[in-house]
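Source file structure-v3.txt; content: compact mmCIF, C-alpha atoms.
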```txt
# COMPACT_ATOMS: atom_id res chain seq x y z
CA MET A 1 163.06 -14.03 -19.08
CA PRO A 2 163.07 -10.48 -20.46
CA ARG A 3 164.51 -7.53 -18.61
CA LEU A 4 162.18 -4.80 -17.40
CA SER A 5 163.67 -2.41 -19.96
CA GLU A 6 162.65 -4.80 -22.76
CA VAL A 7 159.09 -5.15 -21.51
CA ILE A 8 158.75 -1.39 -21.02
CA ALA A 9 160.02 -0.82 -24.57
CA ALA A 10 157.26 -3.13 -25.83
CA LEU A 11 154.63 -1.29 -23.76
CA ASP A 12 155.91 2.08 -24.98
CA ASN A 13 155.50 0.82 -28.53
CA LEU A 14 151.85 0.02 -27.80
CA TRP A 15 151.19 3.27 -25.94
CA PRO A 16 153.86 5.90 -26.74
CA ALA A 17 154.24 8.41 -23.93
CA GLU A 18 154.30 11.32 -26.38
CA ARG A 19 150.66 10.62 -27.26
CA ALA A 20 149.52 11.30 -23.71
CA GLU A 21 147.81 14.58 -22.88
CA SER A 22 150.15 17.33 -21.68
CA TRP A 23 148.68 17.26 -18.16
CA ASP A 24 149.08 13.49 -17.79
CA ALA A 25 151.71 11.47 -15.90
CA VAL A 26 152.48 8.24 -17.75
CA GLY A 27 155.42 5.84 -18.02
CA THR A 28 157.48 3.94 -15.48
CA VAL A 29 157.07 5.15 -11.90
CA VAL A 30 159.12 2.51 -10.05
CA GLY A 31 161.49 -0.16 -11.34
CA GLU A 32 165.08 -1.23 -11.99
CA PRO A 33 165.63 -1.46 -15.78
CA GLY A 34 167.85 -4.52 -15.48
CA GLN A 35 165.55 -6.63 -13.31
CA GLU A 36 164.04 -9.76 -14.83
CA VAL A 37 160.29 -9.93 -15.41
CA SER A 38 158.38 -13.20 -15.35
CA ARG A 39 154.90 -12.20 -14.10
CA VAL A 40 152.84 -9.09 -14.91
CA LEU A 41 149.59 -7.84 -13.36
CA PHE A 42 147.23 -5.38 -15.12
CA ALA A 43 144.80 -3.22 -13.11
CA VAL A 44 143.01 0.12 -13.35
CA ASP A 45 144.18 1.73 -10.09
CA PRO A 46 147.61 1.69 -8.39
CA VAL A 47 146.11 1.51 -4.90
CA GLN A 48 147.42 -0.46 -1.93
CA GLU A 49 144.90 -3.26 -2.40
CA ILE A 50 146.18 -3.86 -5.94
CA VAL A 51 149.83 -3.61 -4.88
CA ASP A 52 149.21 -6.18 -2.13
CA GLU A 53 147.62 -8.42 -4.78
CA ALA A 54 150.75 -8.04 -6.94
CA VAL A 55 152.92 -9.03 -3.97
CA LYS A 56 150.80 -12.10 -3.26
CA LEU A 57 150.86 -13.05 -6.95
CA GLY A 58 154.63 -12.74 -7.12
CA ALA A 59 154.44 -10.16 -9.90
CA ASP A 60 157.55 -8.33 -11.09
CA LEU A 61 155.61 -5.64 -12.93
CA LEU A 62 152.30 -3.89 -12.28
CA VAL A 63 150.73 -2.06 -15.23
CA THR A 64 147.92 0.34 -14.35
CA HIS A 65 145.73 2.72 -16.31
CA HIS A 66 145.53 5.45 -13.70
CA PRO A 67 148.67 7.30 -12.58
CA LEU A 68 149.93 7.07 -9.02
CA TYR A 69 151.08 10.70 -8.90
CA LEU A 70 149.06 12.70 -11.42
CA ARG A 71 149.77 16.11 -9.88
CA GLY A 72 153.25 15.50 -8.52
CA THR A 73 154.40 15.21 -4.92
CA THR A 74 157.11 16.32 -2.53
CA THR A 75 157.29 13.08 -0.55
CA VAL A 76 157.12 9.31 -0.87
CA ALA A 77 157.18 8.78 2.89
CA ALA A 78 155.52 5.54 3.96
CA SER A 79 153.41 7.60 6.38
CA THR A 80 151.37 8.73 3.33
CA PHE A 81 149.07 6.27 1.53
CA LYS A 82 150.75 6.81 -1.84
CA GLY A 83 154.18 6.69 -0.27
CA ARG A 84 153.27 3.34 1.27
CA VAL A 85 152.43 2.08 -2.23
CA VAL A 86 155.90 3.13 -3.43
CA HIS A 87 157.63 1.50 -0.45
CA THR A 88 155.70 -1.75 -0.92
CA LEU A 89 156.60 -1.87 -4.60
CA ILE A 90 160.31 -1.22 -4.03
CA LYS A 91 160.61 -3.60 -1.08
CA ASN A 92 159.12 -6.39 -3.19
CA ASP A 93 161.03 -5.60 -6.41
CA ILE A 94 157.82 -4.77 -8.29
CA ALA A 95 157.95 -2.21 -11.07
CA LEU A 96 155.01 0.12 -11.81
CA HIS A 97 154.20 1.35 -15.31
CA VAL A 98 151.28 3.64 -16.23
CA ALA A 99 149.44 3.94 -19.56
CA HIS A 100 146.66 6.51 -19.23
CA THR A 101 145.59 8.97 -21.95
CA ASN A 102 148.15 7.43 -24.30
CA ALA A 103 146.15 4.18 -23.94
CA ASP A 104 142.87 6.10 -24.35
CA ALA A 105 143.93 7.35 -27.79
CA ALA A 106 145.63 4.15 -28.95
CA ASP A 107 144.49 1.82 -31.73
CA PRO A 108 143.23 -0.35 -30.18
CA GLY A 109 142.69 1.52 -26.96
CA VAL A 110 140.46 1.91 -23.93
CA SER A 111 137.30 2.73 -25.87
CA ASP A 112 137.86 -0.17 -28.29
CA ALA A 113 137.95 -2.50 -25.29
CA LEU A 114 134.76 -0.90 -23.94
CA ALA A 115 133.03 -1.30 -27.30
CA GLY A 116 134.14 -4.93 -27.47
CA ALA A 117 132.72 -5.65 -24.03
CA LEU A 118 129.37 -4.26 -25.21
CA ASP A 119 129.44 -6.22 -28.50
CA LEU A 120 129.54 -3.06 -30.60
CA SER A 121 131.13 -2.72 -34.04
CA VAL A 122 133.65 0.15 -34.05
CA VAL A 123 133.29 2.50 -37.03
CA ARG A 124 135.74 5.33 -36.25
CA PRO A 125 137.20 7.45 -33.43
CA LEU A 126 134.85 9.97 -31.87
CA VAL A 127 137.65 12.56 -31.73
CA PRO A 128 140.29 11.58 -34.32
CA ASP A 129 143.97 12.14 -33.58
CA PRO A 130 145.09 14.69 -36.21
CA SER A 131 148.59 13.17 -36.23
CA ASP A 132 147.25 9.79 -37.38
CA PRO A 133 147.16 9.62 -41.21
CA GLU A 134 144.99 6.48 -41.09
CA GLY A 135 142.38 8.11 -38.86
CA ARG A 136 142.15 5.18 -36.47
CA ARG A 137 143.57 6.69 -33.28
CA GLY A 138 141.78 9.17 -31.05
CA LEU A 139 139.46 9.57 -28.09
CA GLY A 140 136.23 7.61 -27.86
CA ARG A 141 134.67 5.48 -30.57
CA VAL A 142 131.61 5.76 -32.80
CA CYS A 143 130.00 2.31 -33.05
CA GLU A 144 127.10 0.41 -34.52
CA VAL A 145 124.79 -1.98 -32.69
CA ARG A 146 124.63 -5.30 -34.54
CA HIS A 147 120.84 -5.44 -34.06
CA PRO A 148 118.69 -2.46 -33.00
CA LEU A 149 117.92 -2.22 -29.27
CA THR A 150 115.87 0.07 -27.11
CA VAL A 151 117.76 2.34 -24.73
CA ARG A 152 116.46 0.17 -21.88
CA GLU A 153 117.80 -2.99 -23.55
CA PHE A 154 121.16 -1.38 -24.25
CA ALA A 155 121.43 -0.21 -20.64
CA ALA A 156 120.63 -3.74 -19.47
CA ARG A 157 123.36 -5.09 -21.74
CA ALA A 158 125.87 -2.63 -20.28
CA ALA A 159 124.85 -3.59 -16.74
CA GLU A 160 125.30 -7.27 -17.58
CA ARG A 161 128.58 -7.11 -19.50
CA LEU A 162 130.55 -4.47 -17.63
CA PRO A 163 131.99 -5.34 -14.21
CA ALA A 164 129.39 -5.02 -11.46
CA THR A 165 129.54 -1.83 -9.39
CA ALA A 166 127.35 -0.16 -6.81
CA GLN A 167 126.33 2.51 -9.32
CA GLY A 168 125.21 0.27 -12.15
CA ILE A 169 124.01 2.21 -15.22
CA ARG A 170 122.14 5.52 -15.11
CA VAL A 171 120.09 6.66 -18.12
CA ALA A 172 119.02 10.10 -19.34
CA GLY A 173 116.52 9.90 -22.18
CA ASP A 174 113.57 7.87 -23.42
CA PRO A 175 114.08 4.24 -22.31
CA GLU A 176 112.04 3.00 -25.27
CA ALA A 177 113.91 4.96 -27.98
CA THR A 178 115.69 2.86 -30.61
CA VAL A 179 119.46 2.57 -30.57
CA ARG A 180 121.35 1.76 -33.77
CA THR A 181 124.49 3.83 -33.34
CA VAL A 182 126.42 4.50 -30.14
CA ALA A 183 129.38 6.63 -29.07
CA VAL A 184 131.47 5.27 -26.21
CA SER A 185 134.30 6.73 -24.18
CA GLY A 186 136.00 4.98 -21.29
CA GLY A 187 136.37 7.21 -18.24
CA SER A 188 135.02 10.76 -17.85
CA GLY A 189 133.24 11.78 -21.04
CA ASP A 190 131.05 14.87 -20.65
CA SER A 191 133.78 17.05 -22.17
CA LEU A 192 133.07 15.23 -25.47
CA PHE A 193 129.42 16.26 -25.80
CA ASP A 194 130.02 18.53 -28.80
CA HIS A 195 131.69 15.65 -30.66
CA VAL A 196 128.89 13.26 -29.69
CA ARG A 197 126.29 15.72 -30.97
CA ALA A 198 128.17 16.10 -34.26
CA ALA A 199 128.46 12.31 -34.66
CA GLY A 200 124.68 11.97 -34.94
CA VAL A 201 124.49 8.82 -32.81
CA ASP A 202 121.47 7.53 -30.89
CA ALA A 203 123.21 7.06 -27.54
CA PHE A 204 126.42 7.89 -25.69
CA LEU A 205 127.85 5.63 -22.97
CA THR A 206 130.60 6.97 -20.75
CA ALA A 207 131.25 7.75 -17.05
CA ASP A 208 131.25 10.59 -14.50
CA LEU A 209 128.37 12.51 -16.09
CA ARG A 210 127.50 15.64 -14.10
CA HIS A 211 124.10 17.26 -13.54
CA HIS A 212 124.50 20.55 -15.41
CA PRO A 213 126.27 19.22 -18.54
CA VAL A 214 123.70 16.39 -18.81
CA SER A 215 120.75 18.71 -18.22
CA GLU A 216 121.94 21.17 -20.86
CA PHE A 217 122.88 18.46 -23.32
CA SER A 218 119.51 16.73 -22.97
CA ALA A 219 117.62 20.03 -23.32
CA PHE A 220 119.58 20.98 -26.43
CA SER A 221 119.05 17.55 -27.94
CA ALA A 222 115.28 17.73 -27.40
CA PHE A 223 115.06 21.34 -28.65
CA SER A 224 117.22 21.03 -31.76
CA ALA A 225 115.24 21.07 -35.00
CA ASN A 226 118.13 19.41 -36.82
CA ARG A 227 117.42 15.98 -35.35
CA ALA A 228 114.91 13.89 -37.29
CA HIS A 229 114.61 11.20 -34.60
CA SER A 230 114.42 10.91 -30.81
CA PRO A 231 116.74 13.00 -28.60
CA LEU A 232 120.05 11.32 -27.92
CA ALA A 233 120.17 9.11 -24.81
CA LEU A 234 122.99 9.24 -22.28
CA LEU A 235 124.18 6.22 -20.30
CA ASP A 236 126.40 6.81 -17.29
CA ALA A 237 128.43 3.86 -16.00
CA ALA A 238 131.02 3.71 -13.22
CA HIS A 239 134.39 5.15 -14.24
CA TRP A 240 136.31 2.05 -13.16
CA ALA A 241 133.91 -0.29 -14.98
CA THR A 242 134.29 1.51 -18.32
CA GLU A 243 138.09 1.25 -18.17
CA TRP A 244 138.54 -2.24 -16.74
CA PRO A 245 138.02 -4.00 -20.14
CA TRP A 246 141.24 -2.30 -21.29
CA CYS A 247 143.15 -4.39 -18.72
CA GLU A 248 142.11 -7.54 -20.57
CA LEU A 249 143.00 -5.96 -23.91
CA GLY A 250 146.42 -4.80 -22.68
CA ALA A 251 147.15 -8.19 -21.13
CA ALA A 252 146.27 -9.93 -24.40
CA GLN A 253 148.52 -7.57 -26.34
CA LEU A 254 151.45 -8.23 -24.00
CA ASP A 255 150.78 -11.98 -24.18
CA GLU A 256 151.06 -11.79 -27.96
CA ILE A 257 154.32 -9.84 -27.73
CA SER A 258 155.67 -12.40 -25.25
CA ASP A 259 154.87 -15.28 -27.59
CA ARG A 260 156.38 -13.48 -30.58
CA ASN A 261 159.61 -12.70 -28.72
CA GLY A 262 159.93 -16.09 -27.07
CA TRP A 263 159.51 -14.62 -23.60
CA ASP A 264 158.09 -16.75 -20.82
CA LEU A 265 155.79 -14.09 -19.36
CA ARG A 266 152.75 -14.92 -17.27
CA VAL A 267 150.27 -12.06 -17.64
CA HIS A 268 147.33 -11.61 -15.26
CA VAL A 269 144.38 -9.22 -14.94
CA SER A 270 143.21 -8.14 -11.51
CA LYS A 271 139.55 -8.86 -10.80
CA THR A 272 139.64 -6.72 -7.66
CA VAL A 273 136.97 -4.01 -7.75
CA THR A 274 138.60 -0.67 -6.96
CA ASP A 275 135.59 1.48 -7.80
CA PRO A 276 135.32 3.76 -4.74
CA TRP A 277 131.53 3.54 -4.46
CA THR A 278 130.48 0.66 -2.23
CA ALA A 279 126.67 0.74 -2.03
CA HIS A 280 123.59 2.07 -3.84
CA VAL A 281 120.07 2.50 -2.50
CA ALA A 282 117.36 3.22 -5.09
CA SER A 283 114.80 5.92 -4.34
CA ALA A 284 111.40 4.62 -3.27
CA PRO A 285 108.53 5.17 -5.75
CA THR A 286 106.23 8.05 -4.81
CA SER A 287 102.67 9.02 -5.67
CA SER A 288 103.65 12.51 -6.84
CA ALA A 289 106.66 14.11 -8.51
CA MET A 290 108.30 15.32 -5.30
CA GLY A 291 106.85 12.70 -2.96
CA ALA A 292 104.52 15.25 -1.29
CA PRO A 293 101.23 14.07 0.24
CA ASN A 294 98.24 13.93 -2.13
```
What is this file in structure tokens?
Amino acid sequence: MPRLSEVIAALDNLWPAERAESWDAVGTVVGEPGQEVSRVLFAVDPVQEIVDEAVKLGADLLVTHHPLYLRGTTTVAASTFKGRVVHTLIKNDIALHVAHTNADAADPGVSDALAGALDLSVVRPLVPDPSDPEGRRGLGRVCEVRHPLTVREFAARAAERLPATAQGIRVAGDPEATVRTVAVSGGSGDSLFDHVRAAGVDAFLTADLRHHPVSEFSAFSAFSANRAHSPLALLDAAHWATEWPWCELGAAQLDEISDRNGWDLRVHVSKTVTDPWTAHVASAPTSSAMGAPN
């Protein structure tokens, strides 16, 4: 069995820490470098529910996309919910390693996994990494649909192929517009609107879209005289759902490394839904725009 330091070196080769954003907190959070690793669990969130799953599984290493301490801390006391996570990990000899924005920008990375789940053909990064001479790394992906779909059909595909969440898929735009090209970005994506606009795609699927950025983006898209076809459609999925496909990608990459190195690693992907939203109630149809009496 490999040592933790060997497995971490392999993960760092896939997702180098220096490619993370300056504000991010990636790398190994908990773990003894010399401990042996035989079982690994991939998940999006390092929450107690996932850590308890790792304990039950008998995992030696938990790899998550989201950091445990993104903004730092002054305590790991078990009386705090994050401190309890740390105590549970240490007591059960489970290491924790985080690959966040360094996995977002990787080739392949989070958005490649999202595109794959939606059966899209990746063309190029949405925001290329200027340090990559091959132009394959970067944030988001510009993709092609294998066969044209309507926005409604593409939204239905996303709802079917991404993990089920209370939110489902929200759409801004004409449901019957044709989609041939799509930009995708796992996680929060409304900061990328300028790049999406420049890419000239028919639709953009991401997560955490907010009212004012969407309203302004949609208005600009409809107003612009530079667009020869329908205004660009926006599809808003749950944050967790857009990033979960990366867990399967990362697990497959580590499996391949294990086979190549002759390691006897058993790699698992958590199916536990850690999206924080638990229910959704659709608005009732009304006879007038605001539901006022006729």
Margin query: Which residue is closest to A:Asp174? Choose from A:Ala233, A:His195, A:Val122, A:Ser218 and count only C-alpha atoms.
Written below: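 Distance minimum relative to A:Asp174 lands on A:Ala233.
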Margin query: Can you tell me which residues surround stretch 264-281 of chain A at a distance of at most 6 Å, considering only C-alpha atoms, apart from same-chain residues fewer than 5 positions away, and format the answer as a PyMOL selection string?
Written below: chain A and resi 1+38-43+166+240
Notebook entry, point to check: What gap, in Å, lies between atom CA of A:Gly187 and atom CA of A:Val47?
Noted result: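 Between these atoms lies a distance of 17.5 Å.
Proximity to A:Pro231 was assessed for A:Gly168, A:Asp52, A:Val151, A:Pro213 counting only C-alpha atoms; the smallest distance is recorded for A:Val151.
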Notebook entry, point to check: Counting only C-alpha atoms, what is within 12 Å of A:Trp23, bar same-chain residues fewer than 2 positions away, as a list in words?
Noted result: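 Contacts, in chain order: Ala17, Glu18, Arg19, Ala20, Glu21, Ala25, Val26, Pro67, Tyr69, Leu70, Arg71, Gly72, His100, Thr101 and Asn102 of chain A.
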